[in-house]
>>> print(open('work.pdb').read())   # PDB, C-alpha atoms
ATOM      1  CA  MET L   1      36.113  10.323 -82.432
ATOM      2  CA  LEU L   2      35.624  14.088 -82.469
ATOM      3  CA  ALA L   3      33.725  13.794 -79.182
ATOM      4  CA  LEU L   4      36.938  12.587 -77.525
ATOM      5  CA  ILE L   5      38.991  15.650 -78.487
ATOM      6  CA  ARG L   6      38.815  18.387 -75.847
ATOM      7  CA  PRO L   7      41.143  21.367 -75.339
ATOM      8  CA  ASP L   8      43.139  21.120 -72.082
ATOM      9  CA  SER L   9      41.690  24.439 -70.869
ATOM     10  CA  TRP L  10      38.226  22.809 -70.617
ATOM     11  CA  ASN L  11      39.365  20.077 -68.226
ATOM     12  CA  PHE L  12      39.409  21.984 -64.915
ATOM     13  CA  PRO L  13      35.904  23.506 -65.255
ATOM     14  CA  LEU L  14      34.599  20.112 -66.449
ATOM     15  CA  PHE L  15      36.194  18.413 -63.421
ATOM     16  CA  LEU L  16      34.598  20.940 -61.030
ATOM     17  CA  HIS L  17      31.231  20.552 -62.784
ATOM     18  CA  ILE L  18      31.225  16.733 -62.592
ATOM     19  CA  LEU L  19      32.548  16.671 -59.002
ATOM     20  CA  GLY L  20      29.862  19.147 -57.928
ATOM     21  CA  ALA L  21      27.155  17.204 -59.784
ATOM     22  CA  THR L  22      28.087  13.839 -58.237
ATOM     23  CA  VAL L  23      28.238  15.295 -54.704
ATOM     24  CA  LEU L  24      24.934  17.121 -55.349
ATOM     25  CA  PHE L  25      23.354  13.816 -56.422
ATOM     26  CA  GLY L  26      24.655  12.069 -53.297
ATOM     27  CA  THR L  27      23.659  14.792 -50.837
ATOM     28  CA  VAL L  28      20.160  15.252 -52.328
ATOM     29  CA  ALA L  29      19.772  11.453 -52.126
ATOM     30  CA  THR L  30      20.887  11.601 -48.457
ATOM     31  CA  VAL L  31      18.104  14.078 -47.632
ATOM     32  CA  ALA L  32      15.606  11.830 -49.465
ATOM     33  CA  ILE L  33      16.865   8.753 -47.559
ATOM     34  CA  ALA L  34      16.672  10.584 -44.203
ATOM     35  CA  GLY L  35      13.158  11.799 -45.062
ATOM     36  CA  PHE L  36      11.855   8.371 -46.037
ATOM     37  CA  ALA L  37      13.514   6.807 -42.972
ATOM     38  CA  ALA L  38      11.787   9.403 -40.746
ATOM     39  CA  ARG L  39       8.406   8.271 -42.100
ATOM     40  CA  SER L  40       8.940   4.710 -40.893
ATOM     41  CA  ARG L  41      10.745   5.697 -37.654
ATOM     42  CA  PRO L  42       8.775   8.576 -36.100
ATOM     43  CA  GLU L  43      10.728   8.127 -32.836
ATOM     44  CA  ASN L  44      13.885   9.235 -34.721
ATOM     45  CA  ALA L  45      12.190  11.941 -36.814
ATOM     46  CA  GLN L  46      13.943  14.830 -35.033
ATOM     47  CA  LEU L  47      17.388  13.250 -35.485
ATOM     48  CA  LEU L  48      16.729  12.538 -39.179
ATOM     49  CA  ALA L  49      15.388  16.090 -39.713
ATOM     50  CA  ARG L  50      18.662  17.423 -38.237
ATOM     51  CA  VAL L  51      20.653  15.114 -40.550
ATOM     52  CA  ALA L  52      18.671  16.417 -43.540
ATOM     53  CA  GLN L  53      19.133  20.047 -42.468
ATOM     54  CA  ARG L  54      22.902  19.707 -41.942
ATOM     55  CA  THR L  55      23.330  17.802 -45.200
ATOM     56  CA  PHE L  56      21.405  20.533 -46.987
ATOM     57  CA  MET L  57      23.535  23.379 -45.616
ATOM     58  CA  LEU L  58      26.960  21.693 -45.678
ATOM     59  CA  GLY L  59      26.489  19.407 -48.708
ATOM     60  CA  ILE L  60      23.761  20.430 -51.140
ATOM     61  CA  VAL L  61      24.432  24.192 -51.145
ATOM     62  CA  PRO L  62      28.224  24.048 -51.833
ATOM     63  CA  ALA L  63      27.812  21.125 -54.287
ATOM     64  CA  TYR L  64      25.131  23.019 -56.214
ATOM     65  CA  ILE L  65      27.342  26.134 -56.437
ATOM     66  CA  LEU L  66      30.308  24.016 -57.643
ATOM     67  CA  MET L  67      28.158  22.197 -60.231
ATOM     68  CA  ARG L  68      26.454  25.358 -61.527
ATOM     69  CA  ALA L  69      29.600  27.540 -61.593
ATOM     70  CA  GLY L  70      31.509  24.754 -63.378
ATOM     71  CA  ALA L  71      28.659  24.437 -65.896
ATOM     72  CA  GLN L  72      28.680  28.168 -66.655
ATOM     73  CA  TRP L  73      32.481  28.212 -66.936
ATOM     74  CA  ILE L  74      32.714  25.311 -69.383
ATOM     75  CA  ASP L  75      29.683  26.579 -71.328
ATOM     76  CA  SER L  76      31.472  29.918 -71.862
ATOM     77  CA  LYS L  77      34.503  28.033 -73.235
ATOM     78  CA  GLU L  78      32.681  25.427 -75.331
ATOM     79  CA  PHE L  79      29.926  27.661 -76.709
ATOM     80  CA  PRO L  80      31.267  31.249 -76.510
ATOM     81  CA  ASN L  81      28.622  32.506 -78.953
ATOM     82  CA  GLY L  82      25.713  31.058 -76.977
ATOM     83  CA  ASP L  83      24.840  28.519 -79.700
ATOM     84  CA  GLU L  84      24.294  25.637 -77.255
ATOM     85  CA  PRO L  85      22.788  22.352 -78.474
ATOM     86  CA  GLY L  86      19.638  20.924 -76.860
ATOM     87  CA  TRP L  87      21.436  18.664 -74.360
ATOM     88  CA  VAL L  88      23.075  21.716 -72.739
ATOM     89  CA  GLY L  89      19.619  23.300 -72.414
ATOM     90  CA  VAL L  90      18.337  20.179 -70.607
ATOM     91  CA  GLY L  91      21.110  20.576 -68.033
ATOM     92  CA  PHE L  92      20.438  24.271 -67.465
ATOM     93  CA  VAL L  93      16.654  23.758 -67.160
ATOM     94  CA  ILE L  94      17.110  21.005 -64.565
ATOM     95  CA  SER L  95      19.762  22.897 -62.571
ATOM     96  CA  ASP L  96      17.912  26.229 -62.591
ATOM     97  CA  ALA L  97      14.467  24.770 -61.881
ATOM     98  CA  GLY L  98      16.203  22.810 -59.139
ATOM     99  CA  VAL L  99      16.972  26.047 -57.278
ATOM    100  CA  ILE L 100      13.238  26.660 -56.769
ATOM    101  CA  LEU L 101      12.694  23.088 -55.609
ATOM    102  CA  LEU L 102      15.689  23.234 -53.275
ATOM    103  CA  LEU L 103      14.471  26.557 -51.826
ATOM    104  CA  VAL L 104      11.127  24.905 -51.014
ATOM    105  CA  VAL L 105      13.007  22.014 -49.365
ATOM    106  CA  ALA L 106      15.116  24.506 -47.361
ATOM    107  CA  ILE L 107      11.961  26.266 -46.099
ATOM    108  CA  LEU L 108      10.316  22.939 -45.169
ATOM    109  CA  LEU L 109      13.435  21.851 -43.275
ATOM    110  CA  ALA L 110      13.560  25.207 -41.457
ATOM    111  CA  VAL L 111       9.864  25.009 -40.444
ATOM    112  CA  ARG L 112      10.421  21.432 -39.171
ATOM    113  CA  ARG L 113       6.762  20.600 -38.590
ATOM    114  CA  GLN L 114       6.164  16.871 -38.662
ATOM    115  CA  ARG L 115       3.442  16.897 -41.335
ATOM    116  CA  ILE L 116       5.248  19.418 -43.534
ATOM    117  CA  LEU L 117       8.457  17.370 -43.393
ATOM    118  CA  LEU L 118       6.630  14.499 -45.141
ATOM    119  CA  ALA L 119       6.998  16.437 -48.436
ATOM    120  CA  VAL L 120      10.818  16.615 -48.190
ATOM    121  CA  PRO L 121      11.620  13.030 -49.319
ATOM    122  CA  VAL L 122       9.124  13.294 -52.207
ATOM    123  CA  LEU L 123      10.614  16.578 -53.486
ATOM    124  CA  THR L 124      14.219  15.473 -53.086
ATOM    125  CA  GLY L 125      13.387  12.062 -54.605
ATOM    126  CA  LEU L 126      11.983  13.850 -57.669
ATOM    127  CA  TYR L 127      15.115  15.986 -57.897
ATOM    128  CA  VAL L 128      17.328  12.866 -57.740
ATOM    129  CA  ILE L 129      15.405  11.526 -60.785
ATOM    130  CA  ALA L 130      15.769  14.906 -62.567
ATOM    131  CA  LEU L 131      19.523  14.868 -61.912
ATOM    132  CA  GLY L 132      19.608  11.388 -63.468
ATOM    133  CA  VAL L 133      17.929  12.783 -66.602
ATOM    134  CA  ALA L 134      20.513  15.603 -66.653
ATOM    135  CA  TRP L 135      23.545  13.293 -66.466
ATOM    136  CA  VAL L 136      22.104  11.050 -69.225
ATOM    137  CA  ALA L 137      21.653  14.156 -71.432
ATOM    138  CA  MET L 138      25.092  15.550 -70.524
ATOM    139  CA  SER L 139      26.974  12.294 -71.144
ATOM    140  CA  GLY L 140      24.975  10.924 -74.113
ATOM    141  CA  LYS L 141      24.638  14.326 -75.833
ATOM    142  CA  PRO L 142      21.723  13.070 -77.983
TER     143      PRO L 142
ATOM    144  CA  MET Y   1      22.905   7.876 -80.284
ATOM    145  CA  SER Y   2      26.073   5.991 -81.230
ATOM    146  CA  THR Y   3      27.502   2.978 -79.375
ATOM    147  CA  TYR Y   4      30.163   5.290 -77.889
ATOM    148  CA  GLN Y   5      27.499   7.655 -76.521
ATOM    149  CA  TRP Y   6      25.503   4.785 -74.948
ATOM    150  CA  LEU Y   7      28.627   3.333 -73.370
ATOM    151  CA  LEU Y   8      29.494   6.763 -71.968
ATOM    152  CA  VAL Y   9      25.980   7.116 -70.485
ATOM    153  CA  PHE Y  10      26.346   3.818 -68.566
ATOM    154  CA  HIS Y  11      29.954   4.582 -67.559
ATOM    155  CA  VAL Y  12      28.958   8.036 -66.251
ATOM    156  CA  THR Y  13      25.927   6.507 -64.471
ATOM    157  CA  GLY Y  14      28.391   4.201 -62.706
ATOM    158  CA  ALA Y  15      30.570   7.173 -61.760
ATOM    159  CA  PHE Y  16      27.561   9.043 -60.335
ATOM    160  CA  LEU Y  17      26.451   6.038 -58.268
ATOM    161  CA  LEU Y  18      30.023   5.487 -57.062
ATOM    162  CA  LEU Y  19      30.852   9.090 -56.104
ATOM    163  CA  GLY Y  20      27.269   9.898 -55.094
ATOM    164  CA  GLY Y  21      27.201   6.780 -52.901
ATOM    165  CA  GLY Y  22      30.444   7.981 -51.313
ATOM    166  CA  ALA Y  23      28.801  11.347 -50.593
ATOM    167  CA  ILE Y  24      25.788   9.591 -48.975
ATOM    168  CA  ALA Y  25      28.084   7.474 -46.783
ATOM    169  CA  ALA Y  26      30.142  10.541 -45.801
ATOM    170  CA  ALA Y  27      27.058  12.631 -44.899
ATOM    171  CA  LEU Y  28      25.598   9.850 -42.711
ATOM    172  CA  ASN Y  29      28.971   9.045 -41.159
ATOM    173  CA  LEU Y  30      29.588  12.717 -40.262
ATOM    174  CA  SER Y  31      26.122  12.830 -38.682
ATOM    175  CA  ALA Y  32      26.910   9.720 -36.610
ATOM    176  CA  LEU Y  33      30.124  11.316 -35.271
ATOM    177  CA  GLY Y  34      28.080  13.760 -33.217
ATOM    178  CA  ARG Y  35      25.652  11.211 -31.723
ATOM    179  CA  GLU Y  36      25.910   9.507 -28.330
ATOM    180  CA  ARG Y  37      22.922   7.119 -28.100
ATOM    181  CA  PRO Y  38      23.703   3.645 -29.525
ATOM    182  CA  SER Y  39      20.263   3.383 -31.214
ATOM    183  CA  GLU Y  40      20.887   6.645 -33.104
ATOM    184  CA  ILE Y  41      24.361   5.551 -34.219
ATOM    185  CA  LEU Y  42      22.871   2.188 -35.246
ATOM    186  CA  LEU Y  43      20.188   3.922 -37.332
ATOM    187  CA  LEU Y  44      22.688   6.153 -39.184
ATOM    188  CA  PHE Y  45      25.182   3.318 -39.804
ATOM    189  CA  GLY Y  46      22.248   1.172 -40.994
ATOM    190  CA  LEU Y  47      21.299   3.795 -43.605
ATOM    191  CA  VAL Y  48      24.890   3.705 -44.907
ATOM    192  CA  ARG Y  49      24.019   0.269 -46.352
ATOM    193  CA  ILE Y  50      22.007   2.085 -49.063
ATOM    194  CA  ALA Y  51      25.209   3.929 -50.001
ATOM    195  CA  VAL Y  52      27.127   0.638 -50.094
ATOM    196  CA  VAL Y  53      24.605  -0.769 -52.620
ATOM    197  CA  ALA Y  54      24.996   2.367 -54.807
ATOM    198  CA  ILE Y  55      28.809   2.156 -54.557
ATOM    199  CA  SER Y  56      28.820  -1.559 -55.497
ATOM    200  CA  ILE Y  57      26.560  -1.084 -58.538
ATOM    201  CA  GLY Y  58      28.477   2.067 -59.520
ATOM    202  CA  THR Y  59      31.854   0.304 -59.320
ATOM    203  CA  ALA Y  60      30.612  -2.559 -61.530
ATOM    204  CA  LEU Y  61      29.090  -0.183 -64.127
ATOM    205  CA  ALA Y  62      32.090   2.175 -64.216
ATOM    206  CA  PHE Y  63      34.534  -0.765 -64.506
ATOM    207  CA  VAL Y  64      32.712  -2.828 -67.179
ATOM    208  CA  PHE Y  65      31.631   0.094 -69.365
ATOM    209  CA  GLY Y  66      34.989   1.804 -68.803
ATOM    210  CA  LEU Y  67      36.812  -1.227 -70.256
ATOM    211  CA  TRP Y  68      34.360  -1.347 -73.162
ATOM    212  CA  LEU Y  69      34.837   2.404 -73.782
ATOM    213  CA  VAL Y  70      38.630   2.001 -73.918
ATOM    214  CA  HIS Y  71      38.149  -0.499 -76.768
ATOM    215  CA  GLU Y  72      35.390   1.493 -78.520
ATOM    216  CA  ALA Y  73      37.295   4.805 -78.388
ATOM    217  CA  GLY Y  74      40.536   3.258 -79.623
ATOM    218  CA  TYR Y  75      42.602   3.762 -76.453
ATOM    219  CA  GLY Y  76      45.050   1.077 -75.304
ATOM    220  CA  TYR Y  77      44.374  -1.097 -72.250
ATOM    221  CA  PHE Y  78      47.997  -0.468 -71.216
ATOM    222  CA  ASP Y  79      47.906   3.329 -71.641
ATOM    223  CA  GLY Y  80      49.303   4.884 -68.448
ATOM    224  CA  TRP Y  81      46.133   6.748 -67.450
ATOM    225  CA  VAL Y  82      43.940   3.661 -68.043
ATOM    226  CA  VAL Y  83      46.186   1.423 -65.919
ATOM    227  CA  ALA Y  84      46.449   4.113 -63.202
ATOM    228  CA  ALA Y  85      42.653   4.573 -63.124
ATOM    229  CA  PHE Y  86      41.959   0.850 -62.721
ATOM    230  CA  LEU Y  87      44.672   0.459 -60.069
ATOM    231  CA  LEU Y  88      43.300   3.431 -58.133
ATOM    232  CA  LEU Y  89      39.769   2.006 -58.408
ATOM    233  CA  ILE Y  90      41.049  -1.222 -56.820
ATOM    234  CA  VAL Y  91      42.858   0.780 -54.087
ATOM    235  CA  ALA Y  92      39.689   2.817 -53.382
ATOM    236  CA  ASN Y  93      37.632  -0.366 -53.060
ATOM    237  CA  ALA Y  94      40.225  -1.990 -50.789
ATOM    238  CA  LEU Y  95      40.345   1.076 -48.510
ATOM    239  CA  GLY Y  96      36.546   1.391 -48.443
ATOM    240  CA  GLY Y  97      36.153  -2.340 -47.787
ATOM    241  CA  ALA Y  98      38.641  -2.258 -44.893
ATOM    242  CA  GLY Y  99      36.894   0.791 -43.401
ATOM    243  CA  GLY Y 100      33.526  -0.940 -43.845
ATOM    244  CA  LYS Y 101      34.724  -4.058 -41.991
ATOM    245  CA  ARG Y 102      35.774  -1.956 -39.008
ATOM    246  CA  ASP Y 103      32.381  -0.207 -39.133
ATOM    247  CA  GLN Y 104      30.628  -3.601 -38.971
ATOM    248  CA  ALA Y 105      32.248  -4.215 -35.577
ATOM    249  CA  THR Y 106      30.980  -0.777 -34.471
ATOM    250  CA  VAL Y 107      27.444  -1.683 -35.644
ATOM    251  CA  LYS Y 108      27.583  -4.944 -33.661
ATOM    252  CA  LEU Y 109      28.590  -3.076 -30.478
ATOM    253  CA  ALA Y 110      25.868  -0.455 -31.077
ATOM    254  CA  GLN Y 111      23.287  -3.261 -31.487
ATOM    255  CA  GLU Y 112      24.304  -4.818 -28.155
ATOM    256  CA  LEU Y 113      24.260  -1.472 -26.329
ATOM    257  CA  ALA Y 114      20.914  -0.435 -27.864
ATOM    258  CA  ALA Y 115      19.358  -3.715 -26.724
ATOM    259  CA  SER Y 116      20.655  -3.300 -23.161
ATOM    260  CA  GLY Y 117      19.413   0.127 -22.101
ATOM    261  CA  ASP Y 118      20.645   2.347 -24.960
ATOM    262  CA  ALA Y 119      23.014   4.251 -22.663
ATOM    263  CA  PRO Y 120      25.919   6.242 -24.185
ATOM    264  CA  SER Y 121      29.219   4.368 -24.080
ATOM    265  CA  ALA Y 122      32.801   5.626 -24.212
ATOM    266  CA  GLU Y 123      33.846   2.519 -26.159
ATOM    267  CA  LEU Y 124      31.204   3.065 -28.839
ATOM    268  CA  ARG Y 125      32.077   6.761 -29.065
ATOM    269  CA  ALA Y 126      35.745   5.856 -29.560
ATOM    270  CA  ARG Y 127      34.891   3.320 -32.247
ATOM    271  CA  VAL Y 128      32.673   5.740 -34.178
ATOM    272  CA  ARG Y 129      35.503   8.305 -34.097
ATOM    273  CA  ASP Y 130      38.273   5.736 -34.696
ATOM    274  CA  PRO Y 131      40.902   7.641 -36.753
ATOM    275  CA  ILE Y 132      41.952   4.493 -38.681
ATOM    276  CA  SER Y 133      38.369   3.767 -39.817
ATOM    277  CA  LEU Y 134      37.848   7.405 -40.771
ATOM    278  CA  ALA Y 135      41.183   7.546 -42.642
ATOM    279  CA  LEU Y 136      40.309   4.367 -44.583
ATOM    280  CA  SER Y 137      36.815   5.547 -45.552
ATOM    281  CA  TYR Y 138      37.667   9.161 -46.387
ATOM    282  CA  GLY Y 139      40.949   8.055 -48.034
ATOM    283  CA  SER Y 140      38.853   5.851 -50.327
ATOM    284  CA  GLY Y 141      36.765   8.892 -51.280
ATOM    285  CA  LEU Y 142      39.859  10.985 -52.045
ATOM    286  CA  VAL Y 143      41.256   8.206 -54.278
ATOM    287  CA  LEU Y 144      37.941   8.134 -56.174
ATOM    288  CA  ILE Y 145      38.233  11.898 -56.769
ATOM    289  CA  ALA Y 146      41.727  11.246 -58.159
ATOM    290  CA  VAL Y 147      40.191   8.629 -60.523
ATOM    291  CA  LEU Y 148      37.667  11.248 -61.681
ATOM    292  CA  ALA Y 149      40.544  13.677 -62.373
ATOM    293  CA  LEU Y 150      42.323  10.968 -64.427
ATOM    294  CA  MET Y 151      39.133  10.352 -66.424
ATOM    295  CA  VAL Y 152      38.809  14.062 -67.237
ATOM    296  CA  TRP Y 153      42.487  14.903 -67.992
ATOM    297  CA  LYS Y 154      43.531  11.523 -69.495
ATOM    298  CA  PRO Y 155      47.247  12.390 -69.138
ATOM    299  CA  GLY Y 156      49.313  11.000 -72.004
ATOM    300  CA  ALA Y 157      46.297  10.162 -74.180
TER     301      ALA Y 157
END
>>> encode(input="work.pdb", output="structure tokens")
Amino acid sequence: MLALIRPDSWNFPLFLHILGATVLFGTVATVAIAGFAARSRPENAQLLARVAQRTFMLGIVPAYILMRAGAQWIDSKEFPNGDEPGWVGVGFVISDAGVILLLVVAILLAVRRQRILLAVPVLTGLYVIALGVAWVAMSGKP
Amino acid sequence: MSTYQWLLVFHVTGAFLLLGGGAIAAALNLSALGRERPSEILLLFGLVRIAVVAISIGTALAFVFGLWLVHEAGYGYFDGWVVAAFLLLIVANALGGAGGKRDQATVKLAQELAASGDAPSAELRARVRDPISLALSYGSGLVLIAVLALMVWKPGA
């Protein structure tokens, strides 16, 4: 039952972290959905590219900042000496490596060439799976 | 991993599908607000169905494994925060369902207009931006965020 006991001061950063992570998951999935839909509907490719671009700027970027800032905040409270267990490391690896992947996606969306855009749903689909691994590690704490 | 940890993994997976599905629906809905052509609105509303599947699976997982977790962790089924969370989950589903029904009528109109020339229509534009539909759908999302807050703070536990 020790896992259930949490000081009240941890709740707000944890709330921000989870809220950011769930919105990040949803918005990355939206870009993947728009990208895959564009493959089967080339006549709507420009519209779906715009949807992906807007979702990236207005959804993914703020959600990532919320998730990552919340993670750092609660990490500083829960492990002030930096002695984090492995499951925390899994989360940081996935979130920090995700920045590189998301930067590549941002560049591809900015270039907006039809053939280049084909990579967007694959990259974002992979990141959706990685986020799934992160939430399993964060919640299960193996 | 212990039984508690496994139950938490499935409960949190449900929460991610539920809130993440809400984020997908919101992103596609916001994109549809700025469109005029019926076929484009139809496409974006059609993609929202993927979000509805995620929300449905997420609700079931969060509810079933949430109940199981209450038992496993030694909380009471009639603890205030548990009752409030389940009531709010029902409210969120009712609001989302009502908003979804209104959206179905919009999809039907968009289908008819797309099949007959695909010209922009003032009626379709008004339906897509219908304040009642938007209030129901986005209200549902806000209630779900309140449920998340209850899960984190567990007031009175």
>>> atom_distance(input="work.pdb", atom1="atom CA of Lys154 of chain Y", atom2="atom CA of Val82 of chain Y")
8.0 Å
>>> residues_around(input="work.pdb", residues="Phe78 of chain Y", least_positions_apart="6", cutoff="12 Å", atoms="all atoms listed in the file", output="PyMOL selection string")
chain Y and resi 67+70-71+84-87+156-157
>>> closest_atom_pairs(input="work.pdb", of="chain L", to="chain Y", cutoff="6 Å", atoms="all atoms listed in the file", output="CSV")
residue,atom,partner,partner_atom,distance
L:Thr22,CA,Y:Gly20,CA,5.1
L:Val23,CA,Y:Gly20,CA,5.5
L:Phe25,CA,Y:Gly20,CA,5.7
L:Gly26,CA,Y:Gly20,CA,3.8
L:Thr27,CA,Y:Ile24,CA,5.9
L:Thr30,CA,Y:Ile24,CA,5.3
L:Val136,CA,Y:Val9,CA,5.7
L:Ser139,CA,Y:Val9,CA,5.3
L:Gly140,CA,Y:Gln5,CA,4.8
L:Pro142,CA,Y:Met1,CA,5.8
>>> residues_around(input="work.pdb", residues="segment 81-89 of chain L", least_positions_apart="5", cutoff="8 Å", atoms="only C-alpha atoms", output="count of residues only")
5
>>> atom_distance(input="work.pdb", atom1="atom CA of Phe92 of chain L", atom2="atom CA of Val143 of chain Y")
29.4 Å
>>> atom_distance(input="work.pdb", atom1="atom CA of Gly91 of chain L", atom2="atom CA of Ala134 of chain L")
5.2 Å
>>> residues_around(input="work.pdb", residues="segment 102-111 of chain L", least_positions_apart="4", cutoff="9 Å", atoms="only C-alpha atoms", output="list of chain:residue names")
L:Ala49, L:Arg50, L:Ala52, L:Gln53, L:Phe56, L:Met57, L:Ile60, L:Ala97, L:Gly98, L:Ile116, L:Leu117, L:Ala119, L:Val120, L:Leu123, L:Thr124, L:Tyr127
>>> residues_around(input="work.pdb", residues="His17 of chain L", least_positions_apart="2", cutoff="9 Å", atoms="all atoms listed in the file", output="PyMOL selection string")
chain L and resi 12-15+19-22+66-74
>>> closest_residue(input="work.pdb", among="Y:Gly76, Y:Gly46, Y:Gly99, Y:Gly66", to="Pro131 of chain Y", atoms="only C-alpha atoms")
Y:Gly99
>>> residues_around(input="work.pdb", residues="Leu144 of chain Y", least_positions_apart="5", cutoff="8 Å", atoms="all atoms listed in the file", output="JSON, numbers by chain")
{"Y": [19, 88, 89, 92]}
>>> resolve_selection(input="work.pdb", expression="the PyMOL selection byres ((chain Y and resi 136-138) around 9)", output="CSV table (one decimal) with C-alpha atoms, keeping the file's coordinate frame")
chain,number,residue,atom,x,y,z
Y,22,GLY,CA,30.4,8.0,-51.3
Y,26,ALA,CA,30.1,10.5,-45.8
Y,92,ALA,CA,39.7,2.8,-53.4
Y,94,ALA,CA,40.2,-2.0,-50.8
Y,95,LEU,CA,40.3,1.1,-48.5
Y,96,GLY,CA,36.5,1.4,-48.4
Y,97,GLY,CA,36.2,-2.3,-47.8
Y,98,ALA,CA,38.6,-2.3,-44.9
Y,99,GLY,CA,36.9,0.8,-43.4
Y,100,GLY,CA,33.5,-0.9,-43.8
Y,131,PRO,CA,40.9,7.6,-36.8
Y,132,ILE,CA,42.0,4.5,-38.7
Y,133,SER,CA,38.4,3.8,-39.8
Y,134,LEU,CA,37.8,7.4,-40.8
Y,135,ALA,CA,41.2,7.5,-42.6
Y,139,GLY,CA,40.9,8.1,-48.0
Y,140,SER,CA,38.9,5.9,-50.3
Y,141,GLY,CA,36.8,8.9,-51.3
Y,142,LEU,CA,39.9,11.0,-52.0
Y,143,VAL,CA,41.3,8.2,-54.3
>>> resolve_selection(input="work.pdb", expression="the PyMOL selection byres ((chain Y and resi 59) around 8)", output="list in words")
Gly14, Ala15, Leu17, Leu18, Ile55, Ser56, Ile57, Gly58, Ala60, Leu61, Ala62 and Phe63 of chain Y
>>> axis_aligned_box(input="work.pdb", around="segment 99-115 of chain L", padding_each_side="4 Å", output="lines of an AutoDock Vina configuration file")
center_x = 10.2
center_y = 21.8
center_z = -47.9
size_x = 21.5
size_y = 17.8
size_z = 26.7
>>> closest_residue(input="work.pdb", among="L:Leu24, L:Ala130, L:Ala45, L:Phe36", to="Val93 of chain L", atoms="all atoms listed in the file")
L:Ala130
>>> build_atoms(input="work.pdb", residues="segment 5-19 of chain L", atoms="N, CA and C atoms", output="short mmCIF file (atom, residue, chain, number, x, y, z; two decimals), keeping the file's coordinate frame")
data_model
loop_
_atom_site.label_atom_id
_atom_site.label_comp_id
_atom_site.auth_asym_id
_atom_site.auth_seq_id
_atom_site.Cartn_x
_atom_site.Cartn_y
_atom_site.Cartn_z
N ILE L 5 37.98 14.59 -78.46
CA ILE L 5 38.99 15.65 -78.49
C ILE L 5 38.47 16.86 -77.72
N ARG L 6 39.26 17.28 -76.69
CA ARG L 6 38.82 18.39 -75.85
C ARG L 6 40.04 19.22 -75.50
N PRO L 7 39.99 20.54 -75.71
CA PRO L 7 41.14 21.37 -75.34
C PRO L 7 41.44 21.23 -73.85
N ASP L 8 42.73 21.27 -73.49
CA ASP L 8 43.14 21.12 -72.08
C ASP L 8 42.48 22.16 -71.16
N SER L 9 42.24 23.36 -71.71
CA SER L 9 41.69 24.44 -70.87
C SER L 9 40.25 24.15 -70.43
N TRP L 10 39.59 23.15 -71.02
CA TRP L 10 38.23 22.81 -70.62
C TRP L 10 38.21 21.85 -69.43
N ASN L 11 39.36 21.19 -69.18
CA ASN L 11 39.36 20.08 -68.23
C ASN L 11 39.03 20.50 -66.79
N PHE L 12 39.64 21.60 -66.31
CA PHE L 12 39.41 21.98 -64.92
C PHE L 12 37.94 22.36 -64.66
N PRO L 13 37.33 23.22 -65.49
CA PRO L 13 35.90 23.51 -65.26
C PRO L 13 35.03 22.26 -65.38
N LEU L 14 35.38 21.35 -66.30
CA LEU L 14 34.60 20.11 -66.45
C LEU L 14 34.73 19.26 -65.19
N PHE L 15 35.95 19.18 -64.65
CA PHE L 15 36.19 18.41 -63.42
C PHE L 15 35.36 18.98 -62.26
N LEU L 16 35.38 20.31 -62.11
CA LEU L 16 34.60 20.94 -61.03
C LEU L 16 33.10 20.68 -61.22
N HIS L 17 32.65 20.77 -62.48
CA HIS L 17 31.23 20.55 -62.78
C HIS L 17 30.80 19.12 -62.43
N ILE L 18 31.59 18.14 -62.86
CA ILE L 18 31.22 16.73 -62.59
C ILE L 18 31.32 16.43 -61.10
N LEU L 19 32.40 16.92 -60.45
CA LEU L 19 32.55 16.67 -59.00
C LEU L 19 31.36 17.26 -58.24
#
